Number of protein chains: 2
Amino acid sequence: MSNFWSAVVRGLTPYVPGEQPKVANLVKLNTNENPYGPSPKVIEALQTELKDTLRLYPDPNGERLKKAVGEYYSVQPDQVFVGNGSDEVLAHTFLGLLKHELPLFFPDITYSFYPVYCGLYGIIYKTVPVSESFEIKIEDYHQPNGGIIFPNPNAPTGRVLPLAAIASLLERNRDSVVVVDEAYVDFGGESAIALVDRYPQLLVIQTLSKSRSLAGLRVGFAVGHPELIEALERVKNSFNSYPLGRLAICGAVAAIEDRAYFDQTCRMIIRTREDLARNLRNFGFEVLPSAANFVFVRHPERDAAELAMALREKSIIVRHFKQDRIDQYLRITVGTDDQCAVLCKALEQILGIKR
Amino acid sequence: MSNFWSAVVRGLTPYVPGEQPKVANLVKLNTNENPYGPSPKVIEALQTELKDTLRLYPDPNGERLKKAVGEYYSVQPDQVFVGNGSDEVLAHTFLGLLKHELPLFFPDITYSFYPVYCGLYGIIYKTVPVSESFEIKIEDYHQPNGGIIFPNPNAPTGRVLPLAAIASLLERNRDSVVVVDEAYVDFGGESAIALVDRYPQLLVIQTLSKSRSLAGLRVGFAVGHPELIEALERVKNSFNSYPLGRLAICGAVAAIEDRAYFDQTCRMIIRTREDLARNLRNFGFEVLPSAANFVFVRHPERDAAELAMALREKSIIVRHFKQDRIDQYLRITVGTDDQCAVLCKALEQILGIKR
């Protein structure tokens, strides 16, 4: 450790993203990417931006994108914040809205980046255990707090809360910000954006990396009361004036505007997920009910890390978390029907299942 | 101000970027963009990336880009950090390497984002006055400090320090990090990257927004000792795993690899700058010697804000800073020869100069 490092850096435990292997021909079911490419209209729109104007700075406020999100969700552009992937939006949210004297609350089993942000910004937090069956119990959050954040559907479980439960939490939690991180909501949840006009303490964060097939472009956004958005703008304008380049803004707008493609690909993934869950149950797996583009599964007789390794030997990558309570689970991204068939065939072999 | 805001947000004074007007047909000489578009090879490379793989996350470490920068500057990839524009690289540098108990030193006249980062991260700083003629006086930095940062060439003055002066500073300042922000170095300075192998406390930051004509793509990088780079990686991996999208990485690599185009466009800008400086001096302006893609000028008989306004009425935008010591100066980006001719003609009219 170097003397040149600040005290902050010395104390950090950085996030470890899922592997992005450089080997080709893998069945990559480890980082919840969409198995279908972006809308052809996105590619077309990007084509028109590949020109001389790349020499010019983008609009620092990403107004076109705010307008597109606003139109999609029937909110005003000043209720929308845009950033370089939802991870950046989350980072600004932690610093701008979730750093208070009381501890921030989030589930013990959740997106593992949350405690990392707390480490980066010196935020005190308290984890709230999910139930035995990995459900977020809203009533456990009814205590003094400096903020609440959870993904819905939750990661890596895939379990979803109905909108009524979130509304009930908001009714009883009016003095601190509640962040609903909806990275996976389009695969089976209801967006809490429907509640932002009623609850000024609600911030909803989404990404274009999953349901809009644009993990490679890096775009995320937040929707909430203009006062919450202003806090994020202030942090952003003290960090990087231009977080979204011209291509990111243009591609994101086209993705949000092509509703038909989005609806179709989401439907296909949901259908494949249900088929995959059925097959895995037939193989003896316990499969948590999922509203996401992944399933979270456990085999009562097989060690999860060993299963992941055996799949890897067959060029299939899934995600295993070495973490208390979930170290016997695998998180498997829903691929195409073909990819899921390859996975099932491999599992049949590994588990010694005869057809 | 909302109760939901963290104490940090309440205290912020965000940076104000130069205007990005939405009106067409302006002669835009206010944000130091390159008047020439990116290399045709950049556009070609981006074309090949507009495909299905945009659904996949990019390489979180941007290895290809680190390698390209490493090859260009004859350093190893682990001496290179890459980020979403040099503003993001600067932000991580302030938090990871410049936040210490002793104050950070930077010039009083410099990039106005520096004090904003200090506000964001609670960094104590001390500004060191530049000379009457806006020169950075290296000897004034020879005192206990928690870090030193300055742009070279300096912004918004354009004045450059020779490498020998920077080496002399590094010889006497070994216990804290020295950051040289080289956003404009390719237009007439010598890069301090030549010194990184000799001085483990030196970090050099560059951007692709100016000399590589890619302000719209958002890519910046830092070069220094692997221990300094590791600090930045730790902050980055606690903030956003994937700061650079697939298009940003691919376009940036192509830009760095096309040395011929880069050399040619830099030369053209330098030649135009010298012509422009000569013309402005003939109009009675004082023109600071510039090693950047802008000139910093003052007219002894005309108020700078009024001049900027008069130019604006003629659809020409230049940058005026309402700041002590420089409020009678204008920063004018070097455009194409044609743009500079339009500027000069407008100034002739405004100043009542007869040919």
# chains A, B, ... in the order shown; residues from 1 in each chain; ligands from 1
call {"tool": "select_by_dssp", "arguments": {"residues": "region 99-138 of chain B", "states": "strand (DSSP E or B)", "output": "list in words"}}
result
Leu104, Phe105, Phe106, Pro107, Tyr125, Lys126, Thr127 and Val128 of chain B
call {"tool": "select_by_dssp", "arguments": {"residues": "region 8-199 of chain B", "states": "alpha helix (DSSP H)", "output": "MDAnalysis selection string"}}
result
chainID B and resid 8:11 40:49 63:73 86:97 114:121 163:172
call {"tool": "closest_residue", "arguments": {"among": "A:Leu95, A:Leu26, A:Leu65, A:Ile205", "to": "Arg234 (chain A)", "atoms": "only C-alpha atoms"}}
result
A:Leu95
call {"tool": "residues_around", "arguments": {"residues": "Leu214 (chain A)", "least_positions_apart": "6", "cutoff": "6 Å", "atoms": "only C-alpha atoms", "output": "PDB file with C-alpha atoms, in the first residue's frame"}}
result
ATOM      1  CA  LEU A 208     -30.572   0.181 -20.381  1.00  0.00           C
TER       2      LEU A 208
ATOM      3  CA  LEU B  54     -23.623  -3.937 -27.839  1.00  0.00           C
ATOM      4  CA  ARG B  55     -25.851  -6.149 -25.686  1.00  0.00           C
TER       5      ARG B  55
END
call {"tool": "residues_around", "arguments": {"residues": "Leu161 (chain B)", "least_positions_apart": "6", "cutoff": "8 Å", "atoms": "only C-alpha atoms", "output": "list in words"}}
result
Ile136, Asn152, Pro153 and Gly189 of chain B
call {"tool": "write_last_selection", "arguments": {"atoms": "all heavy atoms", "output": "tab-separated table (two decimals), in the first residue's frame"}}
result
chain	number	residue	atom	x	y	z
B	136	ILE	N	3.18	29.96	-14.08
B	136	ILE	CA	3.26	29.14	-12.87
B	136	ILE	C	4.69	29.21	-12.37
B	136	ILE	O	5.63	28.94	-13.12
B	136	ILE	CB	2.86	27.68	-13.18
B	136	ILE	CG1	1.36	27.61	-13.50
B	136	ILE	CG2	3.21	26.76	-12.00
B	136	ILE	CD1	0.87	26.23	-13.90
B	152	ASN	N	-0.79	21.63	-17.83
B	152	ASN	CA	0.34	22.10	-18.62
B	152	ASN	C	0.13	21.70	-20.07
B	152	ASN	O	0.17	20.51	-20.37
B	152	ASN	CB	1.65	21.52	-18.09
B	152	ASN	CG	2.86	22.23	-18.70
B	152	ASN	OD1	2.87	23.46	-18.74
B	152	ASN	ND2	3.82	21.48	-19.19
B	153	PRO	N	-0.13	22.66	-20.95
B	153	PRO	CA	-0.29	24.09	-20.73
B	153	PRO	C	-1.42	24.40	-19.74
B	153	PRO	O	-2.39	23.64	-19.67
B	153	PRO	CB	-0.63	24.63	-22.12
B	153	PRO	CG	-0.20	23.59	-23.08
B	153	PRO	CD	-0.25	22.30	-22.37
B	189	GLY	N	3.17	21.59	-26.08
B	189	GLY	CA	3.95	21.26	-24.88
B	189	GLY	C	4.69	19.94	-25.06
B	189	GLY	O	4.55	19.26	-26.08
call {"tool": "residues_around", "arguments": {"residues": "Leu102 (chain A)", "least_positions_apart": "6", "cutoff": "9 Å", "atoms": "only C-alpha atoms", "output": "mmCIF file with all heavy atoms, in the first residue's frame"}}
result
data_model
loop_
_atom_site.group_PDB
_atom_site.id
_atom_site.type_symbol
_atom_site.label_atom_id
_atom_site.label_comp_id
_atom_site.auth_asym_id
_atom_site.auth_seq_id
_atom_site.Cartn_x
_atom_site.Cartn_y
_atom_site.Cartn_z
ATOM 1 N N ILE A 124 -22.809 5.080 6.833
ATOM 2 C CA ILE A 124 -23.126 4.033 7.800
ATOM 3 C C ILE A 124 -24.345 3.274 7.275
ATOM 4 O O ILE A 124 -25.312 3.886 6.811
ATOM 5 C CB ILE A 124 -23.490 4.655 9.162
ATOM 6 C CG1 ILE A 124 -22.371 5.591 9.619
ATOM 7 C CG2 ILE A 124 -23.752 3.579 10.208
ATOM 8 C CD1 ILE A 124 -22.875 6.610 10.623
ATOM 9 N N TYR A 125 -24.292 1.942 7.344
ATOM 10 C CA TYR A 125 -25.430 1.186 6.854
ATOM 11 C C TYR A 125 -25.746 0.019 7.770
ATOM 12 O O TYR A 125 -24.925 -0.391 8.590
ATOM 13 C CB TYR A 125 -25.192 0.688 5.433
ATOM 14 C CG TYR A 125 -24.104 -0.357 5.285
ATOM 15 C CD1 TYR A 125 -24.405 -1.731 5.317
ATOM 16 C CD2 TYR A 125 -22.773 0.016 5.104
ATOM 17 C CE1 TYR A 125 -23.412 -2.687 5.172
ATOM 18 C CE2 TYR A 125 -21.780 -0.941 4.962
ATOM 19 C CZ TYR A 125 -22.105 -2.287 4.991
ATOM 20 O OH TYR A 125 -21.120 -3.236 4.852
ATOM 21 N N PRO A 144 -36.295 4.110 12.432
ATOM 22 C CA PRO A 144 -35.570 5.312 11.997
ATOM 23 C C PRO A 144 -34.378 4.955 11.107
ATOM 24 O O PRO A 144 -33.610 4.046 11.437
ATOM 25 C CB PRO A 144 -35.088 5.935 13.317
ATOM 26 C CG PRO A 144 -36.040 5.423 14.350
ATOM 27 C CD PRO A 144 -36.430 4.047 13.899
ATOM 28 N N ASN A 145 -34.259 5.625 9.979
ATOM 29 C CA ASN A 145 -33.189 5.307 9.029
ATOM 30 C C ASN A 145 -32.781 6.546 8.245
ATOM 31 O O ASN A 145 -33.528 7.519 8.176
ATOM 32 C CB ASN A 145 -33.656 4.202 8.071
ATOM 33 C CG ASN A 145 -34.807 4.661 7.205
ATOM 34 O OD1 ASN A 145 -34.625 5.475 6.301
ATOM 35 N ND2 ASN A 145 -36.020 4.195 7.487
ATOM 36 N N GLY A 146 -31.599 6.496 7.655
ATOM 37 C CA GLY A 146 -31.099 7.598 6.836
ATOM 38 C C GLY A 146 -31.394 7.392 5.360
ATOM 39 O O GLY A 146 -30.945 8.166 4.507
ATOM 40 N N GLY A 147 -32.175 6.364 5.057
ATOM 41 C CA GLY A 147 -32.485 6.038 3.673
ATOM 42 C C GLY A 147 -32.677 4.536 3.552
ATOM 43 O O GLY A 147 -32.256 3.765 4.425
#
